file data-v6.csv (CSV, C-alpha atoms)
chain,number,residue,atom,x,y,z
A,5,MET,CA,55.4,36.3,63.3
A,6,LEU,CA,58.1,37.0,60.7
A,7,LYS,CA,57.3,38.4,57.3
A,8,SER,CA,59.7,38.9,54.4
A,9,TYR,CA,59.8,42.0,52.2
A,10,LYS,CA,62.0,41.9,49.0
A,11,TYR,CA,63.1,45.1,47.2
A,12,ARG,CA,65.3,45.8,44.2
A,13,LEU,CA,68.6,47.5,44.8
A,14,TYR,CA,70.3,49.9,42.4
A,15,PRO,CA,74.0,50.2,43.5
A,16,SER,CA,76.5,52.4,41.7
A,17,LYS,CA,79.4,50.9,39.9
A,18,ALA,CA,81.7,51.3,42.9
A,19,GLN,CA,79.0,49.8,45.2
A,20,SER,CA,78.5,46.9,42.8
A,21,LEU,CA,82.2,46.1,43.0
A,22,LEU,CA,82.1,46.2,46.8
A,23,LEU,CA,79.1,43.9,46.8
A,24,GLU,CA,80.8,41.4,44.5
A,25,GLN,CA,84.0,41.6,46.6
A,26,THR,CA,82.0,40.8,49.7
A,27,LEU,CA,80.3,37.9,48.0
A,28,GLU,CA,83.7,36.5,47.0
A,29,THR,CA,85.1,36.9,50.5
A,30,CYS,CA,82.1,35.1,51.9
A,31,ARG,CA,82.5,32.3,49.3
A,32,HIS,CA,86.1,31.7,50.3
A,33,TRP,CA,85.2,31.7,54.0
A,34,TYR,CA,82.4,29.2,53.3
A,35,ASN,CA,84.7,26.9,51.5
A,36,THR,CA,87.3,27.2,54.2
A,37,CYS,CA,84.9,26.2,56.9
A,38,LEU,CA,83.6,23.3,54.8
A,39,ALA,CA,87.1,22.1,54.2
A,40,GLU,CA,87.9,22.3,57.9
A,41,ARG,CA,84.8,20.2,58.8
A,42,LYS,CA,85.5,17.7,56.1
A,43,GLU,CA,89.2,17.2,56.9
A,44,ALA,CA,88.6,17.0,60.7
A,45,TYR,CA,86.1,14.2,60.2
A,46,GLU,CA,88.1,12.3,57.6
A,47,ASN,CA,91.4,12.5,59.5
A,48,GLU,CA,90.5,12.7,63.2
A,49,LYS,CA,86.8,11.4,63.2
A,50,ARG,CA,86.0,14.7,64.9
A,51,SER,CA,83.1,17.0,64.3
A,52,VAL,CA,83.7,20.7,64.1
A,53,GLY,CA,80.7,22.6,65.5
A,54,LYS,CA,79.2,26.0,64.6
A,55,PHE,CA,80.4,27.9,67.7
A,56,GLU,CA,84.0,26.7,67.2
A,57,GLN,CA,84.0,28.2,63.7
A,58,LEU,CA,82.3,31.4,64.9
A,59,ARG,CA,85.1,32.1,67.3
A,60,LYS,CA,87.5,32.1,64.3
A,61,VAL,CA,85.8,35.0,62.6
A,62,ARG,CA,87.9,37.5,64.6
A,63,GLU,CA,91.1,35.7,63.7
A,64,LEU,CA,90.0,35.8,60.0
A,65,LYS,CA,89.5,39.5,60.1
A,66,ARG,CA,93.0,40.1,61.5
A,67,SER,CA,94.8,37.7,59.1
A,68,ASN,CA,92.9,38.2,55.8
A,69,PRO,CA,93.2,41.6,54.2
A,70,TYR,CA,90.0,41.0,52.1
A,71,ALA,CA,88.0,40.3,55.3
A,72,THR,CA,89.2,43.3,57.2
A,73,ASN,CA,86.5,45.6,55.8
A,74,VAL,CA,83.7,43.0,55.9
A,75,HIS,CA,81.4,43.3,58.8
A,76,SER,CA,81.8,40.4,61.3
A,77,HIS,CA,78.1,39.6,61.3
A,78,ILE,CA,78.3,38.8,57.5
A,79,LEU,CA,81.1,36.3,58.2
A,80,GLN,CA,79.1,34.8,61.1
A,81,VAL,CA,76.0,34.4,58.9
A,82,VAL,CA,78.2,32.4,56.5
A,83,VAL,CA,79.1,30.0,59.3
A,84,GLN,CA,75.4,29.7,60.2
A,85,ASP,CA,74.4,29.0,56.6
A,86,LEU,CA,77.0,26.2,56.4
A,87,ASP,CA,75.7,24.7,59.7
A,88,LYS,CA,72.2,24.8,58.3
A,89,ALA,CA,73.4,22.9,55.2
A,90,PHE,CA,74.9,20.2,57.5
A,91,GLN,CA,71.7,20.0,59.6
A,92,SER,CA,69.7,19.4,56.4
A,93,PHE,CA,72.2,16.8,55.3
A,94,PHE,CA,71.9,14.9,58.6
A,95,ARG,CA,68.1,15.2,58.5
A,96,ARG,CA,68.0,13.6,55.0
A,97,VAL,CA,70.4,10.8,56.1
A,98,LYS,CA,68.1,9.9,59.0
A,99,ALA,CA,65.1,10.0,56.8
A,100,GLY,CA,66.7,7.7,54.3
A,101,GLU,CA,66.5,10.2,51.5
A,102,THR,CA,69.3,11.1,49.0
A,103,ALA,CA,71.6,12.9,51.4
A,104,GLY,CA,73.6,15.3,49.2
A,105,TYR,CA,76.7,16.3,51.2
A,106,PRO,CA,77.3,20.1,51.3
A,107,ARG,CA,79.4,21.1,48.3
A,108,PHE,CA,82.2,23.6,47.8
A,109,LYS,CA,80.9,26.8,46.2
A,110,GLY,CA,82.2,27.8,42.8
A,111,ARG,CA,82.5,31.4,41.6
A,112,ASN,CA,78.9,31.4,40.2
A,113,ARG,CA,77.3,29.3,42.9
A,114,PHE,CA,77.4,31.8,45.8
A,115,ASP,CA,75.0,34.7,45.5
A,116,SER,CA,73.9,36.1,48.9
A,117,PHE,CA,75.1,37.3,52.3
A,118,GLY,CA,73.2,38.4,55.4
A,119,LEU,CA,73.3,40.7,58.4
A,120,LYS,CA,71.5,39.6,61.6
A,121,GLU,CA,70.9,42.7,63.7
A,122,TYR,CA,69.3,45.9,62.6
A,123,GLY,CA,71.4,48.9,63.4
A,124,ASN,CA,74.6,46.8,63.6
A,125,GLY,CA,75.9,46.7,60.0
A,126,PHE,CA,72.8,47.9,58.2
A,127,LYS,CA,69.9,50.3,58.6
A,128,VAL,CA,67.3,52.1,56.5
A,129,ASP,CA,68.5,55.7,56.1
A,130,GLY,CA,65.7,57.7,54.6
A,131,ARG,CA,65.0,56.0,51.2
A,132,ARG,CA,68.3,54.3,51.1
A,133,LEU,CA,69.7,51.1,52.6
A,134,LYS,CA,73.0,51.8,54.4
A,135,LEU,CA,75.3,48.8,54.5
A,136,SER,CA,78.6,48.7,56.5
A,137,GLY,CA,81.5,49.5,54.2
A,138,MET,CA,79.4,50.0,51.1
A,139,GLY,CA,77.5,53.3,51.8
A,140,ARG,CA,73.9,54.1,51.0
A,141,LEU,CA,72.3,52.0,48.3
A,142,ARG,CA,69.3,53.1,46.3
A,143,VAL,CA,66.2,51.0,46.9
A,144,ARG,CA,63.0,50.6,44.8
A,145,TRP,CA,60.4,50.8,47.6
A,146,HIS,CA,57.5,49.3,45.5
A,147,ARG,CA,55.4,48.7,48.6
A,148,PRO,CA,55.4,49.8,52.3
A,149,MET,CA,57.3,47.7,54.8
A,150,GLU,CA,55.5,46.9,58.0
A,151,GLY,CA,56.7,45.7,61.4
A,152,THR,CA,60.1,45.8,63.0
A,153,ILE,CA,63.1,45.0,60.9
A,154,LYS,CA,65.2,42.1,62.3
A,155,THR,CA,67.5,40.9,59.6
A,156,VAL,CA,68.4,41.6,55.9
A,157,ARG,CA,69.7,39.3,53.1
A,158,VAL,CA,71.4,40.8,50.1
A,159,CYS,CA,71.3,38.5,47.1
A,160,ARG,CA,72.2,38.7,43.4
A,161,GLN,CA,69.8,37.2,40.8
A,162,ALA,CA,70.4,37.3,37.1
A,163,GLY,CA,72.9,40.2,37.5
A,164,LYS,CA,70.4,42.2,39.7
A,165,TRP,CA,70.7,43.0,43.4
A,166,TYR,CA,67.9,42.6,45.9
A,167,ALA,CA,67.5,43.0,49.6
A,168,SER,CA,65.1,40.8,51.6
A,169,PHE,CA,64.1,42.2,55.0
A,170,ALA,CA,62.8,39.9,57.7
A,171,CYS,CA,60.3,41.9,59.8
A,172,GLU,CA,58.4,41.0,62.9
A,173,VAL,CA,54.7,41.8,62.4
A,174,MET,CA,51.5,41.2,64.3
A,175,GLU,CA,49.0,38.6,63.0
A,176,ARG,CA,45.9,40.2,61.4
A,177,SER,CA,43.1,37.7,61.3
A,178,LEU,CA,40.5,38.2,58.6
A,179,GLN,CA,36.8,38.3,59.3
A,180,PRO,CA,35.3,34.8,59.2
A,181,THR,CA,33.2,34.0,56.1
A,182,GLY,CA,31.8,30.6,57.1
A,183,GLN,CA,32.8,29.1,53.8
A,184,SER,CA,34.8,26.0,53.1
A,185,VAL,CA,36.4,24.6,50.0
A,186,GLY,CA,38.3,21.6,48.6
A,187,VAL,CA,41.0,22.2,46.1
A,188,ASP,CA,42.3,19.7,43.6
A,189,VAL,CA,45.5,20.6,41.7
A,190,GLY,CA,46.3,19.0,38.4
A,191,VAL,CA,48.1,19.3,35.1
A,192,HIS,CA,45.1,19.6,32.7
A,193,HIS,CA,43.7,22.4,35.0
A,194,LEU,CA,45.9,24.2,37.5
A,195,LEU,CA,43.3,23.7,40.1
A,196,ALA,CA,39.6,23.0,40.5
A,197,THR,CA,37.5,23.7,43.6
A,198,SER,CA,34.5,22.1,45.2
A,199,GLU,CA,32.6,25.3,44.3
A,200,ASN,CA,33.0,24.4,40.6
A,201,GLU,CA,35.6,27.0,40.0
A,202,ILE,CA,38.3,25.9,37.5
A,203,VAL,CA,41.6,27.8,37.0
A,204,ASP,CA,43.4,27.0,33.8
A,205,ASN,CA,47.0,26.1,33.7
A,206,PRO,CA,49.1,28.9,32.2
A,207,ARG,CA,52.0,26.6,31.5
A,208,TRP,CA,54.7,29.3,31.9
A,209,TYR,CA,57.7,27.2,31.1
A,210,ARG,CA,56.3,25.3,28.2
A,211,ASN,CA,55.1,28.5,26.5
A,212,ALA,CA,58.6,30.0,26.9
A,213,GLN,CA,60.5,27.0,25.7
A,214,ALA,CA,61.0,28.3,22.2
A,215,LYS,CA,62.7,31.4,23.4
A,216,LEU,CA,64.7,29.5,25.9
A,217,ARG,CA,66.1,27.2,23.2
A,218,ILE,CA,67.4,30.1,21.2
A,219,LEU,CA,69.0,31.7,24.3
A,220,GLN,CA,70.5,28.4,25.4
A,221,ARG,CA,71.9,27.8,21.8
A,222,LYS,CA,73.6,31.2,22.0
A,223,VAL,CA,75.3,30.3,25.3
A,224,SER,CA,76.5,27.0,23.9
A,225,ARG,CA,78.0,28.7,20.8
A,226,ARG,CA,80.0,31.3,22.7
A,227,LYS,CA,83.6,30.8,23.8
A,228,ILE,CA,84.0,29.9,27.4
A,229,GLY,CA,85.4,32.7,29.5
A,230,GLY,CA,84.6,35.4,26.9
A,231,SER,CA,82.5,38.5,27.5
A,232,ASN,CA,80.0,37.5,24.8
A,233,ARG,CA,79.3,34.3,26.7
A,234,ARG,CA,78.7,36.2,29.9
A,235,LYS,CA,76.2,38.4,28.1
A,236,ALA,CA,74.4,35.4,26.7
A,237,VAL,CA,74.3,33.7,30.1
A,238,SER,CA,72.9,36.9,31.6
A,239,ALA,CA,70.1,37.0,28.9
A,240,LEU,CA,69.3,33.3,29.7
A,241,GLN,CA,69.2,34.0,33.4
A,242,CYS,CA,66.8,37.0,32.9
A,243,GLN,CA,64.4,34.8,30.9
A,244,HIS,CA,64.4,32.1,33.6
A,245,GLU,CA,63.8,34.8,36.2
A,246,TYR,CA,60.9,36.2,34.2
A,247,ILE,CA,59.3,32.7,34.0
A,248,SER,CA,59.8,32.2,37.8
A,249,ASN,CA,58.4,35.6,38.6
A,250,SER,CA,55.3,35.1,36.4
A,251,ARG,CA,54.6,31.8,38.1
A,252,LYS,CA,55.0,33.2,41.6
A,253,ASP,CA,52.9,36.2,40.9
A,254,PHE,CA,50.0,34.1,39.5
A,255,LEU,CA,50.1,31.6,42.4
A,256,ASN,CA,50.3,34.4,45.0
A,257,LYS,CA,47.1,35.9,43.6
A,258,VAL,CA,45.4,32.5,43.6
A,259,ALA,CA,46.4,31.8,47.2
A,260,HIS,CA,45.2,35.3,48.2
A,261,SER,CA,41.9,34.8,46.6
A,262,LEU,CA,41.3,31.4,48.4
A,263,ILE,CA,42.4,32.7,51.7
A,264,THR,CA,40.2,35.8,51.5
A,265,ARG,CA,37.0,33.9,50.6
A,266,TYR,CA,37.2,30.7,52.7
A,267,ASP,CA,37.7,29.9,56.3
A,268,PHE,CA,38.5,26.2,55.7
A,269,ILE,CA,40.7,24.9,52.8
A,270,ALA,CA,41.4,21.2,52.2
A,271,LEU,CA,44.3,20.3,49.9
A,272,GLU,CA,45.8,17.0,48.7
A,273,ASP,CA,49.0,15.9,50.5
A,274,LEU,CA,50.8,15.1,47.2
A,275,HIS,CA,54.2,13.5,47.3
A,276,ILE,CA,55.6,15.7,44.6
A,277,THR,CA,59.2,14.4,44.8
A,278,GLY,CA,57.9,10.9,44.0
A,279,MET,CA,55.5,12.1,41.3
A,280,VAL,CA,58.2,13.9,39.2
A,281,ARG,CA,60.0,10.5,38.8
A,282,ASN,CA,57.5,10.0,36.0
A,283,HIS,CA,59.4,11.4,33.1
A,284,HIS,CA,56.2,11.9,31.0
A,285,LEU,CA,54.7,14.3,33.6
A,286,SER,CA,57.7,15.7,35.5
A,287,LYS,CA,58.0,18.9,33.5
A,288,SER,CA,54.3,19.7,33.6
A,289,ILE,CA,54.2,19.0,37.4
A,290,LEU,CA,57.1,21.2,38.2
A,291,ASP,CA,55.8,23.9,35.8
A,292,ALA,CA,52.5,24.0,37.6
A,293,GLY,CA,54.1,24.9,41.0
A,294,TRP,CA,52.0,22.8,43.3
A,295,GLY,CA,54.5,22.9,46.1
A,296,TYR,CA,54.8,26.6,46.0
A,297,LEU,CA,51.0,27.0,46.1
A,298,LYS,CA,50.7,24.7,49.0
A,299,GLN,CA,53.3,26.5,51.0
A,300,ARG,CA,51.9,29.9,50.2
A,301,LEU,CA,48.4,28.8,51.3
A,302,ALA,CA,49.8,27.4,54.6
A,303,ASP,CA,51.8,30.6,55.3
A,304,LYS,CA,49.0,33.0,54.5
A,305,ALA,CA,46.6,30.9,56.5
A,306,VAL,CA,48.7,31.4,59.7
A,307,GLU,CA,48.6,35.2,59.1
A,308,ALA,CA,44.9,35.4,58.3
A,309,GLY,CA,43.7,32.9,61.0
A,310,ARG,CA,42.4,30.4,58.4
A,311,HIS,CA,42.5,26.6,58.5
A,312,VAL,CA,44.4,24.6,55.9
A,313,VAL,CA,44.2,20.9,56.0
A,314,LEU,CA,46.3,18.3,53.9
A,315,VAL,CA,44.4,15.1,53.3
A,316,ASN,CA,45.3,11.7,51.9
A,317,PRO,CA,44.9,11.9,48.1
A,318,SER,CA,44.1,8.2,47.6
A,319,TYR,CA,41.1,7.5,45.4
A,320,THR,CA,39.9,11.1,45.6
A,321,SER,CA,39.6,11.2,41.7
A,322,GLN,CA,38.0,7.7,41.5
A,323,ASP,CA,35.3,7.9,44.2
A,324,CYS,CA,31.9,9.2,43.6
A,325,SER,CA,31.4,12.5,45.5
A,326,ASN,CA,27.6,11.9,46.0
A,327,PRO,CA,27.2,11.5,49.8
A,328,ASN,CA,24.7,8.7,49.2
A,329,CYS,CA,26.8,6.7,46.8
A,330,ARG,CA,30.7,6.8,47.3
A,331,ARG,CA,31.1,4.2,44.6
A,332,ARG,CA,34.7,3.7,43.3
A,333,HIS,CA,35.4,3.7,39.6
A,334,SER,CA,38.5,2.9,37.6
A,335,LEU,CA,39.6,5.9,35.6
A,336,SER,CA,42.6,6.7,33.5
A,337,LEU,CA,44.3,10.1,33.1
A,338,ALA,CA,42.6,10.5,29.8
A,339,ASP,CA,39.1,10.4,31.4
A,340,ARG,CA,38.2,14.0,32.1
A,341,TRP,CA,34.5,13.5,32.9
A,342,PHE,CA,33.1,11.5,35.8
A,343,GLU,CA,29.8,9.7,35.4
A,344,CYS,CA,28.3,7.4,38.0
A,345,ALA,CA,25.3,5.0,38.0
A,346,CYS,CA,23.7,7.1,40.8
A,347,GLY,CA,23.1,9.9,38.2
A,348,LEU,CA,26.1,12.1,39.1
A,349,SER,CA,27.8,13.6,36.0
A,350,ILE,CA,30.5,16.1,36.8
A,351,ASP,CA,34.0,17.2,35.8
A,352,ARG,CA,36.6,14.8,37.1
A,353,ASP,CA,38.6,17.5,38.9
A,354,VAL,CA,35.6,19.1,40.6
A,355,ASN,CA,34.5,15.6,41.8
A,356,ALA,CA,38.0,15.1,43.3
A,357,ALA,CA,37.7,18.5,45.0
A,358,LEU,CA,34.4,17.5,46.5
A,359,ASN,CA,36.0,14.3,47.9
A,360,ILE,CA,38.9,16.3,49.3
A,361,LEU,CA,36.6,18.6,51.1
A,362,TRP,CA,34.6,15.7,52.5
A,363,VAL,CA,37.7,13.9,53.7
A,364,GLY,CA,39.1,17.1,55.2
A,365,GLN,CA,35.9,17.8,57.2
A,366,THR,CA,35.0,14.3,58.3
A,367,HIS,CA,38.2,12.3,58.4
A,368,TRP,CA,40.6,14.6,60.3
A,369,ASP,CA,42.6,11.7,61.6
A,370,GLY,CA,43.5,10.9,58.0
A,371,SER,CA,44.9,14.3,57.3
A,372,THR,CA,48.6,15.0,57.5
A,373,ASP,CA,50.8,17.8,58.8
A,374,ASN,CA,53.8,17.5,56.3
A,375,SER,CA,55.9,19.9,58.3
A,376,LEU,CA,53.6,22.9,57.4
A,377,ARG,CA,52.3,25.3,59.9
A,378,LEU,CA,48.8,24.0,59.9
A,379,SER,CA,46.0,24.0,62.4
A,380,GLN,CA,45.9,20.9,64.6
A,381,GLU,CA,42.1,20.9,65.1
A,382,ALA,CA,39.5,20.8,62.4
A,383,PRO,CA,36.5,23.1,62.9
A,384,PRO,CA,33.1,21.4,63.0
A,385,LEU,CA,31.7,22.1,59.5
A,386,PRO,CA,28.6,20.3,58.3
A,387,TRP,CA,28.7,18.5,54.9
A,388,HIS,CA,26.8,20.1,52.2
A,389,SER,CA,26.7,19.3,48.5
A,390,PRO,CA,27.6,22.3,46.4
A,391,TYR,CA,26.4,21.0,43.1
A,392,THR,CA,23.0,20.8,41.5
A,393,PRO,CA,22.0,19.0,38.3
A,394,ARG,CA,23.9,20.2,35.3
A,395,THR,CA,22.3,22.3,32.6
A,396,SER,CA,24.8,21.6,29.9
A,397,ARG,CA,27.8,19.3,29.6
A,398,GLY,CA,30.8,20.9,31.2
A,399,ARG,CA,29.1,23.4,33.4
A,400,TRP,CA,27.2,23.2,36.7
A,401,GLN,CA,25.0,25.6,38.5
A,402,VAL,CA,26.3,26.4,42.0
call {"tool": "encode", "arguments": {"input": "data-v6.csv", "output": "structure tokens"}}
result
Amino acid sequence: MLKSYKYRLYPSKAQSLLLEQTLETCRHWYNTCLAERKEAYENEKRSVGKFEQLRKVRELKRSNPYATNVHSHILQVVVQDLDKAFQSFFRRVKAGETAGYPRFKGRNRFDSFGLKEYGNGFKVDGRRLKLSGMGRLRVRWHRPMEGTIKTVRVCRQAGKWYASFACEVMERSLQPTGQSVGVDVGVHHLLATSENEIVDNPRWYRNAQAKLRILQRKVSRRKIGGSNRRKAVSALQCQHEYISNSRKDFLNKVAHSLITRYDFIALEDLHITGMVRNHHLSKSILDAGWGYLKQRLADKAVEAGRHVVLVNPSYTSQDCSNPNCRRRHSLSLADRWFECACGLSIDRDVNAALNILWVGQTHWDGSTDNSLRLSQEAPPLPWHSPYTPRTSRGRWQV
């Protein structure tokens, strides 16, 4: 399997200039290929394929003085990136979604280039990354890299440079624990499990909005094209990067904890794209990072040999989780406590997590794949009720 390792680069001033020149050359080449495809279809009703444009890389290096010193693999990866953009466009058209035709890239809209073969254009030289035509770049090796390096992607984020290595590693399955869990994600709580574990929502973006307003106000008051505006934009980008990194770090730790402790994890198959159309909840939903958590759980499950199942979320919050009851109630979003005539009194999110686990274990045909790398066969796990009568309102003994 392929695993990505991302490291911070510290290029010198001369190397930073070469990296920016390479990005600019790739951006112009991307726009040229896009214009060729667009004009060929509009004028001749002809489709220009990937391999046809790959054959033009050699001609570009001979005719363009800026592309002469750029490795041919970098320019070939640009063509592959454009082809992926068109494949995604056609997939969305067939699915009836908002298509979004590939766009021409402006000066600040193209921030990465790649090399596709280790030893041909790039290699790790001691503690440095050696790139063709740019020399040896300093790297902050904050963790060891495992496996065989296949490709590298150099990207610029908020004025900083990073290198992402794609490495081929062997799968290392964890020891089975025999435990299963249902996970309910939400806005009030980030998630609640069927084991009565509740993780509060840190609300990264909402807590940082006051500072973001100040930084955004500074950008809007600076003169367009001036150096002070570039500095203000850089400060705003750094703040957004800090929020994104904080969210990813927290969700990565949550996913690691769940994968380490449980063999079987049941999640809701939420249609996040449709849910964010609700303007009252869209900011909170996107700030919670449900999609990122779901994808991380699926990816880590493949590596660890765990089972992750996506189930239909219909009525999981309204049905009683008591196996002998299953009565359906009508609840609003303001109702945070679930009480049933059968005697069950439990937190609403924990009740939903119990139902999610039950559906994931007993109704495998109702679960969905959703294009994630999930197991296609549910392990035979018996149903067990993880709750006992509560001792005080708001807490259960597990």
call {"tool": "atom_distance", "arguments": {"input": "data-v6.csv", "atom1": "CA of Asp115 in chain A", "atom2": "CA of Val158 in chain A"}}
result
8.4 Å
call {"tool": "closest_residue", "arguments": {"input": "data-v6.csv", "among": "A:Ser231, A:Thr152, A:Ser76, A:Ser198", "to": "Phe268 in chain A", "atoms": "all atoms listed in the file"}}
result
A:Ser198
call {"tool": "atom_distance", "arguments": {"input": "data-v6.csv", "atom1": "CA of Lys88 in chain A", "atom2": "CA of Asp273 in chain A"}}
result
26.0 Å
call {"tool": "residues_near_point", "arguments": {"input": "data-v6.csv", "point": "(70.8, 50.5, 59.1)", "cutoff": "12 Å", "atoms": "only C-alpha atoms", "output": "PDB file with C-alpha atoms, in the frame of the given file"}}
result
ATOM      1  CA  LEU A 119      73.300  40.700  58.400  1.00  0.00           C
ATOM      2  CA  LYS A 120      71.500  39.600  61.600  1.00  0.00           C
ATOM      3  CA  GLU A 121      70.900  42.700  63.700  1.00  0.00           C
ATOM      4  CA  TYR A 122      69.300  45.900  62.600  1.00  0.00           C
ATOM      5  CA  GLY A 123      71.400  48.900  63.400  1.00  0.00           C
ATOM      6  CA  ASN A 124      74.600  46.800  63.600  1.00  0.00           C
ATOM      7  CA  GLY A 125      75.900  46.700  60.000  1.00  0.00           C
ATOM      8  CA  PHE A 126      72.800  47.900  58.200  1.00  0.00           C
ATOM      9  CA  LYS A 127      69.900  50.300  58.600  1.00  0.00           C
ATOM     10  CA  VAL A 128      67.300  52.100  56.500  1.00  0.00           C
ATOM     11  CA  ASP A 129      68.500  55.700  56.100  1.00  0.00           C
ATOM     12  CA  GLY A 130      65.700  57.700  54.600  1.00  0.00           C
ATOM     13  CA  ARG A 131      65.000  56.000  51.200  1.00  0.00           C
ATOM     14  CA  ARG A 132      68.300  54.300  51.100  1.00  0.00           C
ATOM     15  CA  LEU A 133      69.700  51.100  52.600  1.00  0.00           C
ATOM     16  CA  LYS A 134      73.000  51.800  54.400  1.00  0.00           C
ATOM     17  CA  LEU A 135      75.300  48.800  54.500  1.00  0.00           C
ATOM     18  CA  SER A 136      78.600  48.700  56.500  1.00  0.00           C
ATOM     19  CA  GLY A 137      81.500  49.500  54.200  1.00  0.00           C
ATOM     20  CA  MET A 138      79.400  50.000  51.100  1.00  0.00           C
ATOM     21  CA  GLY A 139      77.500  53.300  51.800  1.00  0.00           C
ATOM     22  CA  ARG A 140      73.900  54.100  51.000  1.00  0.00           C
ATOM     23  CA  LEU A 141      72.300  52.000  48.300  1.00  0.00           C
ATOM     24  CA  ILE A 153      63.100  45.000  60.900  1.00  0.00           C
ATOM     25  CA  LYS A 154      65.200  42.100  62.300  1.00  0.00           C
ATOM     26  CA  THR A 155      67.500  40.900  59.600  1.00  0.00           C
ATOM     27  CA  VAL A 156      68.400  41.600  55.900  1.00  0.00           C
ATOM     28  CA  PHE A 169      64.100  42.200  55.000  1.00  0.00           C
TER      29      PHE A 169
END
call {"tool": "closest_residue", "arguments": {"input": "data-v6.csv", "among": "A:Glu172, A:Asp351, A:Asp323, A:Glu56", "to": "Asp87 in chain A", "atoms": "only C-alpha atoms"}}
result
A:Glu56
call {"tool": "residues_around", "arguments": {"input": "data-v6.csv", "residues": "Cys159 in chain A", "least_positions_apart": "6", "cutoff": "6 Å", "atoms": "all atoms listed in the file", "output": "ChimeraX atom specification"}}
result
/A:115-116,165-166
call {"tool": "residues_near_point", "arguments": {"input": "data-v6.csv", "point": "(83.0, 41.0, 46.5)", "cutoff": "10 Å", "atoms": "all atoms listed in the file", "output": "ChimeraX atom specification"}}
result
/A:19-31,70,74
call {"tool": "residues_around", "arguments": {"input": "data-v6.csv", "residues": "Lys65 in chain A", "least_positions_apart": "3", "cutoff": "12 Å", "atoms": "all atoms listed in the file", "output": "ChimeraX atom specification"}}
result
/A:29-30,33,58-62,68-80
call {"tool": "atom_distance", "arguments": {"input": "data-v6.csv", "atom1": "CA of Tyr266 in chain A", "atom2": "CA of Val354 in chain A"}}
result
16.8 Å
call {"tool": "build_atoms", "arguments": {"input": "data-v6.csv", "residues": "range 28-40 of chain A", "atoms": "N, CA and C atoms", "output": "PDB file, in the frame of the given file"}}
result
ATOM      1  N   GLU A  28      82.570  37.378  47.202  1.00  0.00           N
ATOM      2  CA  GLU A  28      83.700  36.500  47.000  1.00  0.00           C
ATOM      3  C   GLU A  28      84.434  36.178  48.278  1.00  0.00           C
ATOM      4  N   THR A  29      84.526  37.147  49.173  1.00  0.00           N
ATOM      5  CA  THR A  29      85.100  36.900  50.500  1.00  0.00           C
ATOM      6  C   THR A  29      84.298  35.865  51.262  1.00  0.00           C
ATOM      7  N   CYS A  30      82.984  36.016  51.221  1.00  0.00           N
ATOM      8  CA  CYS A  30      82.100  35.100  51.900  1.00  0.00           C
ATOM      9  C   CYS A  30      82.202  33.677  51.304  1.00  0.00           C
ATOM     10  N   ARG A  31      82.331  33.611  49.990  1.00  0.00           N
ATOM     11  CA  ARG A  31      82.500  32.300  49.300  1.00  0.00           C
ATOM     12  C   ARG A  31      83.716  31.580  49.759  1.00  0.00           C
ATOM     13  N   HIS A  32      84.842  32.301  49.812  1.00  0.00           N
ATOM     14  CA  HIS A  32      86.100  31.700  50.300  1.00  0.00           C
ATOM     15  C   HIS A  32      86.000  31.238  51.712  1.00  0.00           C
ATOM     16  N   TRP A  33      85.346  32.044  52.530  1.00  0.00           N
ATOM     17  CA  TRP A  33      85.200  31.700  54.000  1.00  0.00           C
ATOM     18  C   TRP A  33      84.294  30.468  54.098  1.00  0.00           C
ATOM     19  N   TYR A  34      83.256  30.383  53.307  1.00  0.00           N
ATOM     20  CA  TYR A  34      82.400  29.200  53.300  1.00  0.00           C
ATOM     21  C   TYR A  34      83.145  27.950  52.950  1.00  0.00           C
ATOM     22  N   ASN A  35      83.923  28.017  51.888  1.00  0.00           N
ATOM     23  CA  ASN A  35      84.700  26.900  51.500  1.00  0.00           C
ATOM     24  C   ASN A  35      85.760  26.475  52.489  1.00  0.00           C
ATOM     25  N   THR A  36      86.340  27.479  53.142  1.00  0.00           N
ATOM     26  CA  THR A  36      87.300  27.200  54.200  1.00  0.00           C
ATOM     27  C   THR A  36      86.718  26.452  55.354  1.00  0.00           C
ATOM     28  N   CYS A  37      85.561  26.910  55.788  1.00  0.00           N
ATOM     29  CA  CYS A  37      84.900  26.200  56.900  1.00  0.00           C
ATOM     30  C   CYS A  37      84.437  24.840  56.521  1.00  0.00           C
ATOM     31  N   LEU A  38      83.963  24.670  55.305  1.00  0.00           N
ATOM     32  CA  LEU A  38      83.600  23.300  54.800  1.00  0.00           C
ATOM     33  C   LEU A  38      84.750  22.400  54.772  1.00  0.00           C
ATOM     34  N   ALA A  39      85.873  22.897  54.269  1.00  0.00           N
ATOM     35  CA  ALA A  39      87.100  22.100  54.200  1.00  0.00           C
ATOM     36  C   ALA A  39      87.542  21.670  55.600  1.00  0.00           C
ATOM     37  N   GLU A  40      87.444  22.579  56.555  1.00  0.00           N
ATOM     38  CA  GLU A  40      87.900  22.300  57.900  1.00  0.00           C
ATOM     39  C   GLU A  40      86.986  21.151  58.515  1.00  0.00           C
TER      40      GLU A  40
END
